[in-house]
Amino acid sequence: MDNKIEIKAQNVDFFYGKTQALKNINIDIYKNLVTAIIGPSGCGKSTFIRILNRMDELVPNTKITGKILFNGWDIINPSIYAVEIRKRIGMVFQKPNPFPKSIFDNISYGLKVNGIKDSSFIEAKVEEALKRGALWDEVKNRLGESALKLSGGQQQRLCIARCLAVESEVILFDEPCASLDPISTAKIEELILELKKDYTIVIVTHNMQQAARVSDYTAFFLLGELIEFGKTQDIFTKPQDSKTEAYVTGRFG
Amino acid sequence: MKQKLIQNMGFFMLFLSIAATLIFLGLIIYFISIRGLKVISWEFLTEPPRMAMTQGGIAPAILGSFYLTLGAIIFALPLGLACAIYLCEYSPKGFIVNLIRISINNLAGVPSVVFGLFGLAVFVKFFHFGVSILSGSLTLGILILPLIISSSQEALMAVPQSIREASLSLGANKWETIKNIVLPTALPGILTGIILGIGRVAGETAPILFTAAAFYKLGFPKSIFSEVMALPYHIYALMTEGTHPVQQTSIAYGCSLILLFMVLLISGIAIVIRNRQKGMHGQ
């Protein structure tokens, strides 16, 4: 395997006030592969993924040290404008969070804030993003309707399509199926496998079957520490650490 | 059995409260209407008063109230909204901001006549705006500023964090997020504040007593530096001054009815706009 490294985290420590949420995290995220982050609640997996596109900044009283290299930048370095990072590294959240606007405006929003004004270009991009988000056939006749009228699964695919429209290189999924039914979950998983051809994907999940189904690499977090990181197959079939084994075989978590 | 009886009695008490409220509301509208309707005519709405207020219409007062209300909103809305945006979105959370919030809420409790005296001292005298639409509008604007700020703040705070995060994660900066996502989502709530503000401003007498209102003014106001007649003050004047109490009283009821109608009309328009906004957002 000689995959290119897209994001390289080195010695990352993260604190909420005085509580240390991440301890010395070192991890390589490979280009055009899916990396799953698993672990019990409160293990720091969501914290880690939010650092990758600087969403941690929204929480006051935090401190971070270490390095996260991406595209020649250190993501952690405050002198790098968070907006620039977020244009390259998109995020899909735990609960679908469409804007209270029309389906069309939800997708075109990212283009507009990035300064694109050409309306025929925007229309083409919206269609392309919805097609790639596997939502086009369901919404093509009602692009002007409020996105809030869509079902939960459709809303989540809309949120994915919204990310795709802005041409990011990496997409972070923070438990994207936590509030969805099994059929919607299957659709999202299918979509993730399709998207990895063009994007690097990091997915946080509670669901170990999901990690096994969609990911190429898996990282197991426990109490803010990275316990084990390796190919998904190895993590699930021959884990090196006894804690990983206990977790993936369902003995705790 | 006994529990059910207690529950039914509870419901009945709640129903009585609603009924009592509606009865008082109905009585107000009924009495104002039967006493006011008989003086209302086309002439009453379009003509200035004549013959020592006993004849003619109240057109200058209607127009004056309209100008004052409009002026107050034009002044208070941008200022209040900007304050609310700063307090909600930009200011660091802490002691000072809490103090500011408490002060704003306290300002809302200051009696309106105090605002009237403030307006007299500052706008009429210090800034030399004189007794005018401008002074009155500014005084009324300051009066409703706390209301606009606190209702806008509530509306802004009710916008879910999750959609702000969505906007930021797409590469929008903070101001773009506020302008494109937070404000449109909060608009129905902000409009509610404006509706309350209009109702309050249109009916206030004390703040315009020394700053804008004239008992009788020939013709219509010519500029924002003109003195004006205004409905609430006109009602007050009709009931306390003059030499023809009988005719004046029925005209006062006519004025009240028009004032009531004006507030309902403006609020109605704002409510329609608000509901259309809500509809657009699928709420």
# chains A, B, ... in the order shown; residues from 1 in each chain; ligands from 1

call {"tool": "closest_atom_pairs", "arguments": {"of": "chain B", "to": "chain A", "cutoff": "12 Å", "atoms": "only C-alpha atoms", "output": "JSON lines"}}
result
{"residue": "B:Glu89", "atom": "CA", "partner": "A:Leu58", "partner_atom": "CA", "distance": 11.4}
{"residue": "B:Tyr90", "atom": "CA", "partner": "A:Leu58", "partner_atom": "CA", "distance": 11.9}
{"residue": "B:Pro92", "atom": "CA", "partner": "A:Pro60", "partner_atom": "CA", "distance": 9.6}
{"residue": "B:Lys93", "atom": "CA", "partner": "A:Pro60", "partner_atom": "CA", "distance": 9.6}
{"residue": "B:Gly94", "atom": "CA", "partner": "A:Pro60", "partner_atom": "CA", "distance": 11.9}
{"residue": "B:Val159", "atom": "CA", "partner": "A:Pro100", "partner_atom": "CA", "distance": 10.3}
{"residue": "B:Pro160", "atom": "CA", "partner": "A:Asn97", "partner_atom": "CA", "distance": 9.2}
{"residue": "B:Gln161", "atom": "CA", "partner": "A:Asn97", "partner_atom": "CA", "distance": 9.5}
{"residue": "B:Ser162", "atom": "CA", "partner": "A:Asn97", "partner_atom": "CA", "distance": 6.0}
{"residue": "B:Ile163", "atom": "CA", "partner": "A:Asn97", "partner_atom": "CA", "distance": 5.6}
{"residue": "B:Arg164", "atom": "CA", "partner": "A:Phe99", "partner_atom": "CA", "distance": 8.9}
{"residue": "B:Glu165", "atom": "CA", "partner": "A:Met55", "partner_atom": "CA", "distance": 7.7}
{"residue": "B:Ala166", "atom": "CA", "partner": "A:Asn97", "partner_atom": "CA", "distance": 6.7}
{"residue": "B:Ser167", "atom": "CA", "partner": "A:Gly110", "partner_atom": "CA", "distance": 7.8}
{"residue": "B:Leu168", "atom": "CA", "partner": "A:Val83", "partner_atom": "CA", "distance": 7.5}
{"residue": "B:Ser169", "atom": "CA", "partner": "A:Arg86", "partner_atom": "CA", "distance": 5.4}
{"residue": "B:Leu170", "atom": "CA", "partner": "A:Gly110", "partner_atom": "CA", "distance": 5.5}
{"residue": "B:Gly171", "atom": "CA", "partner": "A:Lys87", "partner_atom": "CA", "distance": 4.7}
{"residue": "B:Ala172", "atom": "CA", "partner": "A:Val113", "partner_atom": "CA", "distance": 5.7}
{"residue": "B:Asn173", "atom": "CA", "partner": "A:Val83", "partner_atom": "CA", "distance": 6.3}
{"residue": "B:Lys174", "atom": "CA", "partner": "A:Val83", "partner_atom": "CA", "distance": 9.4}
{"residue": "B:Trp175", "atom": "CA", "partner": "A:Val113", "partner_atom": "CA", "distance": 10.7}
{"residue": "B:Glu176", "atom": "CA", "partner": "A:Val113", "partner_atom": "CA", "distance": 7.2}
{"residue": "B:Thr177", "atom": "CA", "partner": "A:Val113", "partner_atom": "CA", "distance": 9.0}
{"residue": "B:Lys179", "atom": "CA", "partner": "A:Val113", "partner_atom": "CA", "distance": 10.9}
{"residue": "B:Asn180", "atom": "CA", "partner": "A:Tyr109", "partner_atom": "CA", "distance": 8.8}
{"residue": "B:Ile181", "atom": "CA", "partner": "A:Phe99", "partner_atom": "CA", "distance": 7.2}
{"residue": "B:Val182", "atom": "CA", "partner": "A:Phe99", "partner_atom": "CA", "distance": 9.6}
{"residue": "B:Leu183", "atom": "CA", "partner": "A:Pro100", "partner_atom": "CA", "distance": 11.4}
{"residue": "B:Pro184", "atom": "CA", "partner": "A:Pro100", "partner_atom": "CA", "distance": 8.7}
{"residue": "B:Thr185", "atom": "CA", "partner": "A:Pro100", "partner_atom": "CA", "distance": 6.9}
{"residue": "B:Ala186", "atom": "CA", "partner": "A:Pro100", "partner_atom": "CA", "distance": 10.5}
{"residue": "B:Leu187", "atom": "CA", "partner": "A:Pro100", "partner_atom": "CA", "distance": 11.8}
{"residue": "B:Gln277", "atom": "CA", "partner": "A:Pro100", "partner_atom": "CA", "distance": 10.4}
{"residue": "B:Lys278", "atom": "CA", "partner": "A:Pro100", "partner_atom": "CA", "distance": 9.4}
{"residue": "B:Gly279", "atom": "CA", "partner": "A:Ser146", "partner_atom": "CA", "distance": 8.9}
{"residue": "B:Met280", "atom": "CA", "partner": "A:Ser146", "partner_atom": "CA", "distance": 6.8}
{"residue": "B:His281", "atom": "CA", "partner": "A:Pro100", "partner_atom": "CA", "distance": 4.8}
{"residue": "B:Gly282", "atom": "CA", "partner": "A:Ser146", "partner_atom": "CA", "distance": 5.6}
{"residue": "B:Gln283", "atom": "CA", "partner": "A:Leu148", "partner_atom": "CA", "distance": 7.9}

call {"tool": "residues_around", "arguments": {"residues": "range 170-178 of chain A", "least_positions_apart": "4", "cutoff": "10 Å", "atoms": "only C-alpha atoms", "output": "tab-separated table (two decimals) with N, CA and C atoms, in the first residue's frame"}}
result
chain	number	residue	atom	x	y	z
A	6	GLU	N	-3.00	12.34	3.24
A	6	GLU	CA	-3.66	13.63	3.03
A	6	GLU	C	-3.56	14.51	4.28
A	7	ILE	N	-3.80	13.89	5.43
A	7	ILE	CA	-3.72	14.65	6.68
A	7	ILE	C	-2.83	13.87	7.64
A	29	ILE	N	-4.10	10.15	7.78
A	29	ILE	CA	-5.33	9.92	7.03
A	29	ILE	C	-4.94	9.84	5.56
A	31	LYS	N	-5.21	9.51	1.45
A	31	LYS	CA	-5.99	10.11	0.36
A	31	LYS	C	-6.86	9.05	-0.31
A	32	ASN	N	-8.10	9.46	-0.63
A	32	ASN	CA	-9.05	8.60	-1.34
A	32	ASN	C	-9.35	7.27	-0.64
A	34	VAL	N	-11.30	5.64	3.11
A	34	VAL	CA	-12.20	5.98	4.21
A	34	VAL	C	-11.54	5.57	5.52
A	35	THR	N	-11.39	6.53	6.40
A	35	THR	CA	-10.84	6.23	7.72
A	35	THR	C	-11.97	6.33	8.74
A	36	ALA	N	-12.21	5.26	9.47
A	36	ALA	CA	-13.26	5.27	10.49
A	36	ALA	C	-12.63	5.53	11.85
A	37	ILE	N	-13.30	6.29	12.66
A	37	ILE	CA	-12.85	6.49	14.04
A	37	ILE	C	-13.92	5.92	14.95
A	38	ILE	N	-13.54	4.89	15.70
A	38	ILE	CA	-14.53	4.25	16.58
A	38	ILE	C	-14.08	4.41	18.03
A	45	LYS	N	-13.48	11.08	19.98
A	45	LYS	CA	-13.48	10.92	18.52
A	45	LYS	C	-14.15	12.10	17.82
A	46	SER	N	-15.26	12.61	18.37
A	46	SER	CA	-15.89	13.79	17.76
A	46	SER	C	-15.01	15.03	17.91
A	47	THR	N	-14.38	15.14	19.09
A	47	THR	CA	-13.47	16.26	19.31
A	47	THR	C	-12.38	16.27	18.24
A	49	ILE	N	-12.34	14.90	15.21
A	49	ILE	CA	-12.78	15.20	13.85
A	49	ILE	C	-13.13	16.69	13.70
A	50	ARG	N	-13.63	17.31	14.78
A	50	ARG	CA	-13.97	18.73	14.70
A	50	ARG	C	-12.71	19.62	14.63
A	52	LEU	N	-10.21	18.87	12.87
A	52	LEU	CA	-9.70	18.79	11.50
A	52	LEU	C	-10.24	19.90	10.60
A	53	ASN	N	-11.42	20.47	10.90
A	53	ASN	CA	-11.77	21.67	10.13
A	53	ASN	C	-12.04	22.87	11.04
A	86	ARG	N	-11.89	25.25	5.96
A	86	ARG	CA	-13.23	24.67	5.85
A	86	ARG	C	-13.70	24.57	4.41
A	87	LYS	N	-13.13	25.40	3.53
A	87	LYS	CA	-13.48	25.26	2.11
A	87	LYS	C	-12.91	23.96	1.55
A	88	ARG	N	-11.78	23.52	2.12
A	88	ARG	CA	-11.13	22.31	1.61
A	88	ARG	C	-11.61	21.06	2.35
A	89	ILE	N	-11.99	21.25	3.62
A	89	ILE	CA	-12.38	20.10	4.44
A	89	ILE	C	-13.82	20.32	4.89
A	90	GLY	N	-14.73	19.64	4.25
A	90	GLY	CA	-16.16	19.81	4.57
A	90	GLY	C	-16.58	18.89	5.69
A	91	MET	N	-17.81	19.13	6.19
A	91	MET	CA	-18.26	18.33	7.32
A	91	MET	C	-19.74	18.01	7.22
A	92	VAL	N	-20.07	16.78	7.54
A	92	VAL	CA	-21.47	16.36	7.63
A	92	VAL	C	-21.71	16.00	9.09
A	93	PHE	N	-22.79	16.55	9.65
A	93	PHE	CA	-22.96	16.48	11.11
A	93	PHE	C	-23.84	15.31	11.53
A	94	GLN	N	-23.87	15.13	12.85
A	94	GLN	CA	-24.61	14.03	13.44
A	94	GLN	C	-26.10	14.09	13.12
A	95	LYS	N	-26.67	15.29	13.35
A	95	LYS	CA	-28.08	15.46	13.00
A	95	LYS	C	-28.14	16.24	11.69
A	96	PRO	N	-29.00	15.83	10.77
A	96	PRO	CA	-29.10	16.60	9.53
A	96	PRO	C	-29.42	18.06	9.87
A	152	GLY	N	-35.71	12.70	7.11
A	152	GLY	CA	-34.40	12.77	7.77
A	152	GLY	C	-33.27	12.26	6.89
A	153	GLY	N	-33.50	11.12	6.24
A	153	GLY	CA	-32.47	10.54	5.39
A	153	GLY	C	-32.18	11.42	4.18
A	156	GLN	N	-30.16	14.37	5.24
A	156	GLN	CA	-28.74	14.09	5.45
A	156	GLN	C	-28.02	13.99	4.10
A	157	ARG	N	-28.67	13.41	3.09
A	157	ARG	CA	-28.05	13.36	1.77
A	157	ARG	C	-27.95	14.76	1.18
A	159	CYS	N	-27.38	17.41	2.99
A	159	CYS	CA	-26.22	18.00	3.66
A	159	CYS	C	-24.92	17.49	3.04
A	160	ILE	N	-24.92	16.23	2.60
A	160	ILE	CA	-23.73	15.71	1.92
A	160	ILE	C	-23.56	16.41	0.57
A	163	CYS	N	-22.05	19.76	0.81
A	163	CYS	CA	-20.59	19.70	0.94
A	163	CYS	C	-19.93	19.48	-0.41
A	164	LEU	N	-20.55	18.62	-1.23
A	164	LEU	CA	-19.93	18.26	-2.51
A	164	LEU	C	-19.88	19.46	-3.44
A	182	PRO	N	-32.49	2.25	9.21
A	182	PRO	CA	-31.52	1.37	8.52
A	182	PRO	C	-31.48	1.58	7.01
A	184	SER	N	-32.14	4.39	5.24
A	184	SER	CA	-31.42	5.63	4.96
A	184	SER	C	-29.93	5.45	5.24
A	185	THR	N	-29.62	4.70	6.32
A	185	THR	CA	-28.23	4.44	6.66
A	185	THR	C	-27.52	3.71	5.54
A	186	ALA	N	-28.20	2.69	4.98
A	186	ALA	CA	-27.60	1.92	3.89
A	186	ALA	C	-27.30	2.83	2.70
A	187	LYS	N	-28.23	3.76	2.42
A	187	LYS	CA	-28.02	4.68	1.28
A	187	LYS	C	-26.80	5.57	1.51
A	188	ILE	N	-26.66	6.05	2.74
A	188	ILE	CA	-25.53	6.93	3.05
A	188	ILE	C	-24.22	6.15	2.93
A	189	GLU	N	-24.23	4.90	3.42
A	189	GLU	CA	-23.00	4.09	3.36
A	189	GLU	C	-22.60	3.84	1.91
A	192	ILE	N	-21.01	6.90	0.60
A	192	ILE	CA	-19.65	7.11	1.09
A	192	ILE	C	-18.66	6.29	0.25
A	195	LEU	N	-18.19	7.99	-2.98
A	195	LEU	CA	-17.48	9.27	-2.91
A	195	LEU	C	-15.98	9.13	-2.71
A	196	LYS	N	-15.55	8.00	-2.16
A	196	LYS	CA	-14.11	7.92	-1.85
A	196	LYS	C	-13.24	7.90	-3.10
A	198	ASP	N	-13.24	10.19	-5.22
A	198	ASP	CA	-12.80	11.57	-5.42
A	198	ASP	C	-12.43	12.30	-4.14
A	199	TYR	N	-12.82	11.75	-3.02
A	199	TYR	CA	-12.60	12.47	-1.76
A	199	TYR	C	-11.89	11.58	-0.76
A	200	THR	N	-11.26	12.25	0.19
A	200	THR	CA	-10.74	11.55	1.34
A	200	THR	C	-11.81	11.65	2.43
A	201	ILE	N	-12.12	10.54	3.07
A	201	ILE	CA	-13.25	10.55	3.99
A	201	ILE	C	-12.82	10.09	5.39
A	202	VAL	N	-13.27	10.85	6.37
A	202	VAL	CA	-13.09	10.44	7.76
A	202	VAL	C	-14.48	10.33	8.36
A	203	ILE	N	-14.78	9.18	8.96
A	203	ILE	CA	-16.11	9.00	9.54
A	203	ILE	C	-16.00	8.56	10.99
A	204	VAL	N	-16.69	9.31	11.85
A	204	VAL	CA	-16.80	8.91	13.25
A	204	VAL	C	-18.07	8.09	13.36
A	205	THR	N	-17.98	6.96	13.99
A	205	THR	CA	-19.20	6.15	14.13
A	205	THR	C	-19.22	5.37	15.44
A	206	HIS	N	-20.43	5.18	15.90
A	206	HIS	CA	-20.67	4.35	17.08
A	206	HIS	C	-20.86	2.90	16.69
A	207	ASN	N	-21.16	2.75	15.38
A	207	ASN	CA	-21.63	1.47	14.89
A	207	ASN	C	-20.45	0.72	14.28
A	210	GLN	N	-20.82	-0.64	10.84
A	210	GLN	CA	-20.69	0.41	9.84
A	210	GLN	C	-19.21	0.67	9.51

call {"tool": "atom_distance", "arguments": {"atom1": "CA of Arg132 in chain A", "atom2": "CA of Leu191 in chain A"}}
result
8.2 Å

call {"tool": "select_by_dssp", "arguments": {"residues": "range 40-84 of chain B", "states": "strand (DSSP E)", "output": "NGL selection string"}}
result
:B and (49-50 or 55-56)

call {"tool": "closest_residue", "arguments": {"among": "A:Ile5, A:Ser215, A:Glu190, A:Ile183", "to": "Gly230 in chain A", "atoms": "only C-alpha atoms"}}
result
A:Ser215

call {"tool": "select_by_dssp", "arguments": {"residues": "range 16-161 of chain A", "states": "alpha helix (DSSP H)", "output": "PyMOL selection string"}}
result
chain A and resi 45-52+82-88+103-113+119-132+136-139+152-161
